[in-house]
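K.L.:
Structure file start19.csv (CSV, C-alpha atoms) right here:
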chain,number,residue,atom,x,y,z
A,1,MET,CA,-17.7,13.8,-21.7
A,2,ILE,CA,-14.4,12.0,-21.1
A,3,GLY,CA,-13.6,10.2,-17.9
A,4,TYR,CA,-9.9,10.2,-16.9
A,5,TYR,CA,-8.9,7.6,-14.3
A,6,VAL,CA,-5.7,8.7,-12.5
A,7,HIS,CA,-3.6,6.2,-10.5
A,8,HIS,CA,-2.6,7.4,-7.1
A,9,GLN,CA,1.0,6.1,-7.0
A,10,GLY,CA,3.6,8.9,-7.4
A,11,LYS,CA,2.8,12.1,-9.3
A,12,GLY,CA,3.4,11.2,-12.9
A,13,HIS,CA,-0.1,9.9,-13.7
A,14,LEU,CA,-1.6,13.1,-12.3
A,15,HIS,CA,0.8,15.4,-14.1
A,16,ARG,CA,0.0,13.7,-17.4
A,17,ALA,CA,-3.8,13.9,-16.8
A,18,ARG,CA,-3.5,17.6,-16.1
A,19,CYS,CA,-1.4,18.2,-19.2
A,20,VAL,CA,-3.8,16.4,-21.5
A,21,ALA,CA,-7.0,17.9,-19.9
A,22,ARG,CA,-5.8,21.4,-20.6
A,23,HIS,CA,-5.8,20.7,-24.3
A,24,THR,CA,-9.0,18.8,-24.9
A,25,ARG,CA,-12.1,20.4,-26.3
A,26,THR,CA,-14.3,17.8,-24.7
A,27,PRO,CA,-15.0,18.2,-21.0
A,28,VAL,CA,-12.9,15.9,-18.8
A,29,THR,CA,-13.9,14.4,-15.4
A,30,GLY,CA,-11.1,13.1,-13.3
A,31,LEU,CA,-11.6,9.9,-11.3
A,32,SER,CA,-9.0,9.1,-8.6
A,33,SER,CA,-8.4,8.6,-4.9
A,34,LEU,CA,-6.1,11.6,-5.1
A,35,PRO,CA,-7.5,15.0,-4.1
A,36,ARG,CA,-8.6,17.3,-6.9
A,37,PRO,CA,-5.8,19.5,-8.2
A,38,ALA,CA,-6.2,23.2,-7.8
A,39,ASP,CA,-5.9,23.9,-11.5
A,40,TRP,CA,-8.4,21.1,-12.6
A,41,THR,CA,-11.3,22.9,-14.4
A,42,GLY,CA,-13.6,19.9,-14.9
A,43,ASP,CA,-15.4,17.7,-12.5
A,44,TRP,CA,-13.5,15.4,-10.1
A,45,VAL,CA,-14.8,12.2,-8.6
A,46,ARG,CA,-12.9,11.3,-5.4
A,47,LEU,CA,-12.7,7.5,-5.3
A,48,PRO,CA,-12.5,5.4,-2.2
A,49,PRO,CA,-9.1,3.8,-1.7
A,50,ASP,CA,-8.7,0.2,-2.5
A,51,THR,CA,-5.5,-0.4,-0.6
A,52,GLY,CA,-5.0,-2.2,2.7
A,53,THR,CA,-6.5,-5.4,4.0
A,54,GLY,CA,-6.5,-5.0,7.7
A,55,ALA,CA,-3.8,-5.7,10.3
A,56,GLY,CA,-2.2,-9.1,9.8
A,57,THR,CA,-4.6,-10.0,7.0
A,58,ALA,CA,-3.3,-11.2,3.6
A,59,PRO,CA,-5.4,-10.3,0.6
A,60,ALA,CA,-7.3,-13.2,-0.8
A,61,ASP,CA,-6.5,-14.1,-4.4
A,62,PRO,CA,-5.6,-10.5,-5.3
A,63,THR,CA,-4.8,-11.3,-9.0
A,64,ALA,CA,-7.7,-13.6,-9.7
A,65,ARG,CA,-5.3,-16.4,-10.4
A,66,GLY,CA,-3.0,-14.2,-12.4
A,67,ARG,CA,-5.6,-12.8,-14.7
A,68,LEU,CA,-5.8,-9.3,-13.2
A,69,HIS,CA,-3.6,-7.0,-11.0
A,70,TRP,CA,-5.6,-6.1,-7.9
A,71,VAL,CA,-9.0,-7.7,-7.2
A,72,PRO,CA,-8.8,-9.2,-3.7
A,73,ARG,CA,-11.9,-11.1,-2.6
A,74,HIS,CA,-14.3,-9.4,-0.3
A,75,HIS,CA,-12.3,-6.2,-0.2
A,76,PRO,CA,-14.7,-3.4,0.9
A,77,GLY,CA,-12.5,-0.6,-0.6
A,78,LEU,CA,-12.2,-2.3,-3.9
A,79,ARG,CA,-16.0,-2.9,-4.0
A,80,ALA,CA,-16.7,0.7,-3.1
A,81,ARG,CA,-14.2,2.0,-5.6
A,82,MET,CA,-15.6,0.0,-8.5
A,83,ALA,CA,-19.2,0.9,-7.5
A,84,ALA,CA,-18.3,4.6,-7.6
A,85,VAL,CA,-16.8,4.3,-11.1
A,86,ALA,CA,-19.7,2.3,-12.3
A,87,ALA,CA,-22.2,4.7,-10.8
A,88,TRP,CA,-20.5,7.6,-12.5
A,89,ILE,CA,-20.5,5.8,-15.9
A,90,GLU,CA,-24.2,5.0,-15.5
A,91,HIS,CA,-25.1,8.6,-14.5
A,92,THR,CA,-22.9,10.4,-17.1
A,93,ALA,CA,-22.7,8.0,-20.0
A,94,PRO,CA,-19.2,9.2,-21.0
A,95,ALA,CA,-18.1,9.0,-24.6
A,96,LEU,CA,-14.7,7.7,-23.6
A,97,LEU,CA,-12.7,6.6,-20.6
A,98,VAL,CA,-8.9,7.1,-20.3
A,99,SER,CA,-7.1,4.7,-18.0
A,100,ASP,CA,-3.8,5.9,-16.5
A,101,VAL,CA,-3.5,3.2,-15.4
A,102,SER,CA,-5.7,0.4,-14.2
A,103,VAL,CA,-6.5,-2.8,-16.0
A,104,GLU,CA,-9.6,-3.2,-13.8
A,105,VAL,CA,-11.0,0.2,-14.4
A,106,ALA,CA,-10.4,-0.1,-18.1
A,107,THR,CA,-12.1,-3.5,-18.2
A,108,LEU,CA,-15.1,-2.2,-16.1
A,109,ALA,CA,-15.6,0.7,-18.5
A,110,ARG,CA,-15.5,-1.5,-21.6
A,111,LEU,CA,-17.9,-4.0,-19.9
A,112,MET,CA,-20.3,-1.1,-19.6
A,113,GLY,CA,-20.0,-0.3,-23.3
A,114,VAL,CA,-17.6,2.7,-23.0
A,115,PRO,CA,-14.7,3.0,-25.4
A,116,VAL,CA,-11.4,3.0,-23.7
A,117,ALA,CA,-8.0,4.6,-24.2
A,118,VAL,CA,-5.1,3.2,-22.2
A,119,SER,CA,-1.9,5.0,-21.2
A,120,ALA,CA,0.7,2.6,-22.3
A,121,MET,CA,3.8,1.9,-20.3
A,122,ARG,CA,7.2,0.5,-21.4
A,123,GLY,CA,8.5,-2.8,-20.2
A,124,ASP,CA,7.2,-6.4,-20.4
A,125,ARG,CA,3.4,-6.1,-20.7
A,126,SER,CA,2.8,-9.6,-21.9
A,127,ASP,CA,1.2,-10.8,-18.7
A,128,PRO,CA,-2.5,-11.7,-19.0
A,129,ALA,CA,-3.8,-8.6,-17.3
A,130,HIS,CA,-1.9,-6.1,-19.4
A,131,ARG,CA,-2.8,-8.1,-22.6
A,132,LEU,CA,-6.4,-7.8,-21.6
A,133,ALA,CA,-6.3,-4.1,-21.2
A,134,TYR,CA,-4.2,-3.4,-24.3
A,135,ASP,CA,-6.3,-5.7,-26.4
A,136,LEU,CA,-9.6,-4.2,-25.5
A,137,ALA,CA,-8.4,-0.6,-25.7
A,138,ASP,CA,-9.6,1.4,-28.7
A,139,ALA,CA,-6.3,3.3,-28.5
A,140,LEU,CA,-3.0,3.2,-26.7
A,141,LEU,CA,-1.3,6.5,-25.8
A,142,ALA,CA,2.5,6.0,-25.8
A,143,PRO,CA,4.4,9.0,-24.3
A,144,TRP,CA,7.6,8.2,-26.3
A,145,PRO,CA,8.6,8.8,-29.9
A,146,ALA,CA,7.7,6.3,-32.7
A,147,GLU,CA,11.4,6.3,-33.6
A,148,LEU,CA,12.1,4.5,-30.3
A,149,PRO,CA,9.3,2.0,-30.1
A,150,GLU,CA,8.8,-0.6,-27.4
A,151,PRO,CA,10.1,-3.8,-29.0
A,152,GLY,CA,8.0,-7.0,-29.1
A,153,TRP,CA,4.6,-5.4,-29.2
A,154,PRO,CA,2.0,-7.2,-31.3
A,155,ALA,CA,1.0,-5.6,-34.6
A,156,ALA,CA,-2.5,-5.0,-33.3
A,157,TRP,CA,-1.2,-2.9,-30.5
A,158,ARG,CA,1.1,-0.9,-32.8
A,159,ALA,CA,-1.7,-0.2,-35.2
A,160,LYS,CA,-3.8,1.6,-32.6
A,161,THR,CA,-0.9,3.4,-30.8
A,162,GLU,CA,-0.5,7.2,-30.8
A,163,HIS,CA,3.2,7.9,-30.2
A,164,THR,CA,2.9,11.4,-28.7
A,165,GLY,CA,6.4,11.8,-27.5
A,166,ALA,CA,7.0,12.6,-23.9
A,167,PHE,CA,5.2,15.5,-22.4
A,168,SER,CA,5.3,17.3,-19.1
A,169,ARG,CA,3.7,20.2,-17.2
A,170,HIS,CA,6.7,22.3,-18.3
A,171,ASP,CA,6.1,22.0,-22.1
A,172,GLY,CA,5.9,25.5,-23.6
A,173,ARG,CA,7.1,27.2,-20.4
A,174,PRO,CA,9.6,29.9,-20.9
A,175,ARG,CA,13.1,29.0,-19.9
A,176,PRO,CA,15.4,31.4,-17.9
A,177,GLU,CA,17.8,33.3,-20.1
A,178,GLY,CA,20.2,30.4,-20.9
A,179,ARG,CA,22.4,28.5,-18.6
A,180,PRO,CA,24.9,30.6,-16.8
A,181,ALA,CA,28.4,30.2,-18.0
A,182,ARG,CA,30.4,28.6,-15.2
A,183,PRO,CA,34.0,27.4,-15.0
A,184,PRO,CA,34.4,23.6,-14.9
A,185,GLN,CA,35.2,23.7,-11.2
A,186,ALA,CA,31.8,25.3,-10.3
A,187,ARG,CA,29.2,23.4,-12.2
A,188,GLU,CA,25.8,22.3,-10.8
A,189,VAL,CA,24.0,18.9,-10.9
A,190,VAL,CA,20.4,18.3,-9.8
A,191,VAL,CA,19.3,14.9,-8.6
A,192,LEU,CA,15.7,14.4,-9.5
A,193,LEU,CA,14.1,11.5,-7.6
A,194,GLY,CA,10.4,12.1,-7.8
A,195,ALA,CA,7.7,10.9,-5.4
A,196,GLY,CA,7.3,7.3,-6.5
A,197,GLY,CA,9.9,5.8,-4.1
A,198,THR,CA,13.6,5.4,-4.4
A,199,GLU,CA,16.2,2.8,-3.6
A,200,LEU,CA,18.9,5.5,-3.3
A,201,THR,CA,20.4,6.3,0.1
A,202,ALA,CA,21.8,9.5,1.5
A,203,ALA,CA,25.1,7.7,2.0
A,204,ARG,CA,25.4,6.9,-1.8
A,205,LEU,CA,24.6,10.5,-2.7
A,206,ARG,CA,27.1,11.9,-0.2
A,207,ALA,CA,29.8,9.6,-1.6
A,208,ALA,CA,29.0,10.7,-5.2
A,209,ALA,CA,29.1,14.4,-4.2
A,210,GLU,CA,32.4,14.0,-2.3
A,211,ALA,CA,33.9,12.3,-5.4
A,212,THR,CA,33.1,15.3,-7.6
A,213,PRO,CA,34.4,18.5,-5.9
A,214,GLY,CA,33.9,20.5,-9.0
A,215,TRP,CA,30.1,20.0,-8.9
A,216,ARG,CA,27.5,21.3,-6.5
A,217,TRP,CA,24.8,18.8,-5.9
A,218,THR,CA,21.1,19.6,-5.2
A,219,VAL,CA,18.9,16.6,-4.3
A,220,LEU,CA,15.1,16.8,-5.0
A,221,GLY,CA,13.0,14.1,-3.6
A,222,GLY,CA,14.0,10.8,-1.8
A,223,PRO,CA,16.5,11.7,1.0
A,224,GLY,CA,16.6,15.3,-0.3
A,225,GLU,CA,14.2,18.1,-0.2
A,226,TRP,CA,10.9,18.2,-2.2
A,227,THR,CA,9.9,21.0,-4.4
A,228,ASP,CA,6.7,21.4,-6.4
A,229,ASP,CA,8.5,23.4,-9.1
A,230,PRO,CA,11.9,22.0,-10.1
A,231,TRP,CA,11.8,23.9,-13.4
A,232,PRO,CA,14.2,26.8,-12.5
A,233,LEU,CA,16.7,24.3,-11.0
A,234,LEU,CA,16.5,22.0,-14.0
A,235,CYS,CA,17.0,24.8,-16.4
A,236,ARG,CA,20.1,26.2,-14.7
A,237,ALA,CA,21.8,22.8,-14.0
A,238,ASP,CA,24.7,21.7,-16.1
A,239,ALA,CA,23.5,18.1,-15.7
A,240,VAL,CA,20.7,16.1,-14.1
A,241,VAL,CA,20.9,12.7,-12.4
A,242,THR,CA,17.5,10.9,-12.4
A,243,HIS,CA,15.8,7.6,-12.4
A,244,ALA,CA,13.9,6.5,-15.6
A,245,GLY,CA,10.4,7.2,-14.6
A,246,GLN,CA,8.3,8.6,-17.4
A,247,ASN,CA,7.6,11.9,-15.7
A,248,ALA,CA,11.1,12.6,-14.5
A,249,VAL,CA,12.6,11.9,-17.9
A,250,ALA,CA,10.0,14.1,-19.5
A,251,GLU,CA,10.8,17.0,-17.3
A,252,CYS,CA,14.5,16.7,-18.0
A,253,ALA,CA,13.8,16.5,-21.7
A,254,ALA,CA,11.5,19.6,-21.5
A,255,ALA,CA,14.4,21.6,-19.9
A,256,ARG,CA,16.8,20.2,-22.5
A,257,THR,CA,19.3,19.4,-19.7
A,258,PRO,CA,21.9,16.8,-20.1
A,259,ALA,CA,21.2,13.7,-18.0
A,260,VAL,CA,22.7,10.7,-16.3
A,261,VAL,CA,19.9,8.2,-16.0
A,262,VAL,CA,20.0,5.3,-13.5
A,263,PRO,CA,16.8,3.2,-13.7
A,264,GLN,CA,15.3,1.7,-10.6
A,265,ALA,CA,13.5,-1.6,-10.1
A,266,ARG,CA,9.9,-1.3,-11.1
A,267,PRO,CA,7.2,-3.9,-12.0
A,268,HIS,CA,7.5,-5.2,-15.5
A,269,GLY,CA,10.9,-3.7,-15.9
A,270,GLU,CA,9.4,-0.3,-16.9
A,271,GLN,CA,12.4,1.9,-16.0
A,272,LEU,CA,14.9,-0.5,-17.5
A,273,ALA,CA,13.0,-0.5,-20.8
A,274,THR,CA,12.9,3.3,-20.8
A,275,ALA,CA,16.6,3.5,-20.1
A,276,ARG,CA,17.4,1.1,-23.0
A,277,ALA,CA,15.4,3.4,-25.3
A,278,LEU,CA,17.3,6.5,-24.1
A,279,ALA,CA,20.6,4.7,-24.6
A,280,ALA,CA,19.6,3.5,-28.1
A,281,GLY,CA,18.7,7.1,-29.1
A,282,GLU,CA,21.9,8.5,-27.5
A,283,LEU,CA,19.7,10.9,-25.5
A,284,ALA,CA,21.3,10.4,-22.1
A,285,THR,CA,24.2,8.7,-20.3
A,286,VAL,CA,22.7,5.5,-18.9
A,287,ARG,CA,23.9,3.2,-16.1
A,288,THR,CA,21.9,0.2,-15.0
A,289,HIS,CA,23.2,0.4,-11.4
A,290,TRP,CA,24.2,3.3,-9.2
A,291,PRO,CA,27.8,4.2,-10.3
A,292,ARG,CA,30.7,3.9,-7.9
A,293,PRO,CA,32.1,7.2,-6.6
A,294,HIS,CA,35.2,7.2,-8.8
A,295,GLU,CA,32.9,6.9,-11.9
A,296,TRP,CA,31.0,10.1,-11.3
A,297,PRO,CA,33.4,12.7,-12.6
A,298,GLY,CA,33.6,11.1,-16.0
A,299,LEU,CA,29.9,10.5,-16.2
A,300,LEU,CA,29.0,14.1,-15.4
A,301,ASP,CA,31.6,15.5,-17.7
A,302,ALA,CA,30.3,13.2,-20.6
A,303,ALA,CA,26.7,14.3,-20.0
A,304,ALA,CA,27.7,18.0,-20.0
A,305,ARG,CA,29.6,17.6,-23.2
A,306,ARG,CA,26.7,15.8,-25.0
A,307,GLY,CA,24.4,18.7,-24.2
A,308,GLY,CA,20.6,18.5,-24.3
A,309,ASP,CA,19.6,19.2,-27.9
A,310,ARG,CA,18.8,15.6,-28.7
A,311,TRP,CA,16.0,15.6,-26.1
A,312,ARG,CA,13.9,17.1,-28.9
A,313,LEU,CA,13.5,13.6,-30.3
A,314,TRP,CA,12.1,12.4,-27.0
A,315,ALA,CA,9.9,15.4,-26.2
A,316,PRO,CA,9.0,17.6,-29.2
A,317,GLY,CA,6.9,19.8,-27.0
A,318,ASP,CA,3.4,19.0,-28.4
A,319,GLY,CA,2.8,15.6,-26.9
A,320,ALA,CA,-0.1,16.6,-24.6
A,321,ALA,CA,-1.8,18.4,-27.5
A,322,ARG,CA,-1.4,15.4,-29.7
A,323,ALA,CA,-2.9,13.1,-27.0
A,324,ALA,CA,-5.8,15.5,-26.5
A,325,ARG,CA,-6.6,15.6,-30.2
A,326,LEU,CA,-6.8,11.8,-30.3
A,327,LEU,CA,-9.1,11.8,-27.3
A,328,ASP,CA,-11.4,14.4,-28.8
A,329,THR,CA,-11.6,12.3,-32.0
A,330,LEU,CA,-12.4,9.2,-30.1
A,331,ALA,CA,-15.0,11.0,-28.0
A,332,ALA,CA,-16.7,12.7,-31.0
A,333,PRO,CA,-20.2,11.5,-31.8
A,334,ALA,CA,-20.3,8.8,-34.5
A,335,PRO,CA,-21.7,10.1,-37.8
A,336,ALA,CA,-25.2,9.2,-38.4
A,337,LEU,CA,-25.8,6.3,-40.8
A,338,ALA,CA,-27.1,7.4,-44.1
A,339,ASP,CA,-30.6,6.4,-45.0
A,340,PRO,CA,-30.3,4.4,-48.2
A,341,ARG,CA,-33.8,5.6,-49.3
A,342,ARG,CA,-32.3,9.1,-49.5
A,343,GLU,CA,-29.3,8.1,-51.5
A,344,GLY,CA,-31.1,7.9,-54.9
A,345,THR,CA,-32.9,4.7,-54.2
A,346,ILE,CA,-36.4,4.7,-55.6
A,347,CYS,CA,-38.8,3.0,-53.2
A,348,ALA,CA,-41.7,1.2,-54.8
A,349,SER,CA,-45.2,2.0,-53.6
A,350,PRO,CA,-46.9,-0.7,-51.6
Translate the structure of the given file into structure tokens.

P.N.:
Amino acid sequence: MIGYYVHHQGKGHLHRARCVARHTRTPVTGLSSLPRPADWTGDWVRLPPDTGTGAGTAPADPTARGRLHWVPRHHPGLRARMAAVAAWIEHTAPALLVSDVSVEVATLARLMGVPVAVSAMRGDRSDPAHRLAYDLADALLAPWPAELPEPGWPAAWRAKTEHTGAFSRHDGRPRPEGRPARPPQAREVVVLLGAGGTELTAARLRAAAEATPGWRWTVLGGPGEWTDDPWPLLCRADAVVTHAGQNAVAECAAARTPAVVVPQARPHGEQLATARALAAGELATVRTHWPRPHEWPGLLDAAARRGGDRWRLWAPGDGAARAARLLDTLAAPAPALADPRREGTICASP
């Protein structure tokens, strides 16, 4: 049995878990405060939420003096959450736990003797909490290509990293019959903002659309509409504008749609680090800040001219299967130790 902890923020962690679980031979149990997905075939443990501290109450020492990320003292939700994870481990005795992502859950599992695989994230992970999780992990799953590694990682981390390339729920999904041929004055751009929060305002989007009369803008997420299935829109678009979240970039890459990427502020500089890798690989048009209105015509034209073929480097299409193979290997029973008395050794009679 593999336990798969899924963080509740945004949708990317859940999408990754669903992708990987579909490919594993070993049964997978999800552990999360999110509701069980309709297509999840294994067990699902609904964890108590560990957020909130009560009206007007500040959390007490939430980082354990900077050693962890979220362990406020005397927090009933945190206590119930960790107790639920520990009870599941005690009852199930899993062969492996995947943390995507929680330093505290990864540490708890390892303290209980369970091997751990950690979903790695880009950005500066040199803080004590991340170092603890990455150091104790038996493996790190990096959803980006080895050709564009995260700089500055210790050799010990690199040695146990599986670079799967990006993967998404759309990998292997048939694409509509090509992008429709449209004249330059009637092209389409999709703005993909996701569910993890955005700094972008409706006014900025409106100004960008007004500055590009030859483009029709569709906004998904943030101040726009939400859709559970952006695939048809991504595949028909001439360009995508997105932030640099792992899941959003993976979906653009799966659709092979040219992109303008504008990273947003995230802890540890995660999106900035992803944007730097995309720029280094010449995979997308990258701007570190939301462009001014007059810049948008040139940016969209440049993205459309580049095309989307180079996305194959970022997302080869088998990332989830590669991650699943690694998890199956880590969860496989250890081979029995050979008995030296059966290896040709002659034992003397007493």

K.L.:
Which distance in Å separates atom CA of Trp217 of chain A and atom CA of Arg204 of chain A, to one decimal?

P.N.:
12.6 Å

K.L.:
Contacts of segment 275-289 of chain A at 9 Å or less, counting only C-alpha atoms, minus same-chain residues fewer than 5 places along, as a PyMOL selection string?

P.N.:
chain A and resi 147-150+243-244+253+258-264+270+299-300+302-303+306+308-311+313-314

K.L.:
Go through A:Ala208, A:Leu272, A:Ala202, A:Leu233 one by one, measure the shortest atom-to-atom distance of each to Gly245 of chain A using only C-alpha atoms, and give the residue with the smallest value.

P.N.:
A:Leu272

K.L.:
Any idea what's packed within 7 Å of Gly319 of chain A, counting all atoms listed in the file, ignoring anything in its chain fewer than 4 positions away? Could you give it as JSON, numbers by chain?

P.N.:
{"A": [164, 165, 166, 167, 323]}

K.L.:
Which is closest to Thr257 of chain A among A:Ser33, A:Thr274, A:Thr242, A:Thr107, if we use all atoms listed in the file?

P.N.:
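Checking each of A:Ser33, A:Thr274, A:Thr242, A:Thr107 against Thr257 of chain A, counting all atoms listed in the file, the winner is A:Thr242.
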
K.L.:
Quick check, in Å to one decimal: how far apart do atom CA of Trp226 of chain A and atom CA of Gly10 of chain A lie?

P.N.:
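If I compute the distance from atom CA of Trp226 of chain A to atom CA of Gly10 of chain A, I get 12.9 Å.
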
K.L.:
Considering only C-alpha atoms, can you say which of A:Leu200, A:Val189, A:Val219, A:Leu205 comes closest to Asp238 of chain A?

P.N.:
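Closest to Asp238 of chain A of all the choices is A:Val189.
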
K.L.:
So that I can check the surroundings of Asp328 of chain A, please list as a list in words every protein, DNA and RNA residue that reaches within 12 Å of it, counting all atoms listed in the file and ignoring chain neighbours fewer than 6 positions away.

P.N.:
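Residues near the query, excluding close chain neighbours: Met1, Ile2, Gly3, Val20, Ala21, His23, Thr24, Arg25, Thr26, Pro27, Val28, Ala95, Leu96, Leu97, Val98, Ala117, Ala321, Arg322 and Ala334 of chain A.
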
K.L.:
I'd like to know which of A:Pro143, A:Pro48, A:Gly30, A:Pro59 is closest to Ala83 of chain A, using all atoms listed in the file.

P.N.:
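Distance minimum relative to Ala83 of chain A lands on A:Pro48.
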
K.L.:
Which is closer to Glu162 of chain A than all the others in A:Ala332, A:Leu47, A:Leu68, A:Ala146, using all atoms listed in the file?

P.N.:
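Using all atoms listed in the file, Glu162 of chain A sits closest to A:Ala146.
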
K.L.:
How many Å lie between atom CA of Trp296 of chain A and atom CA of Ala186 of chain A, rounded to one decimal?

P.N.:
15.3 Å
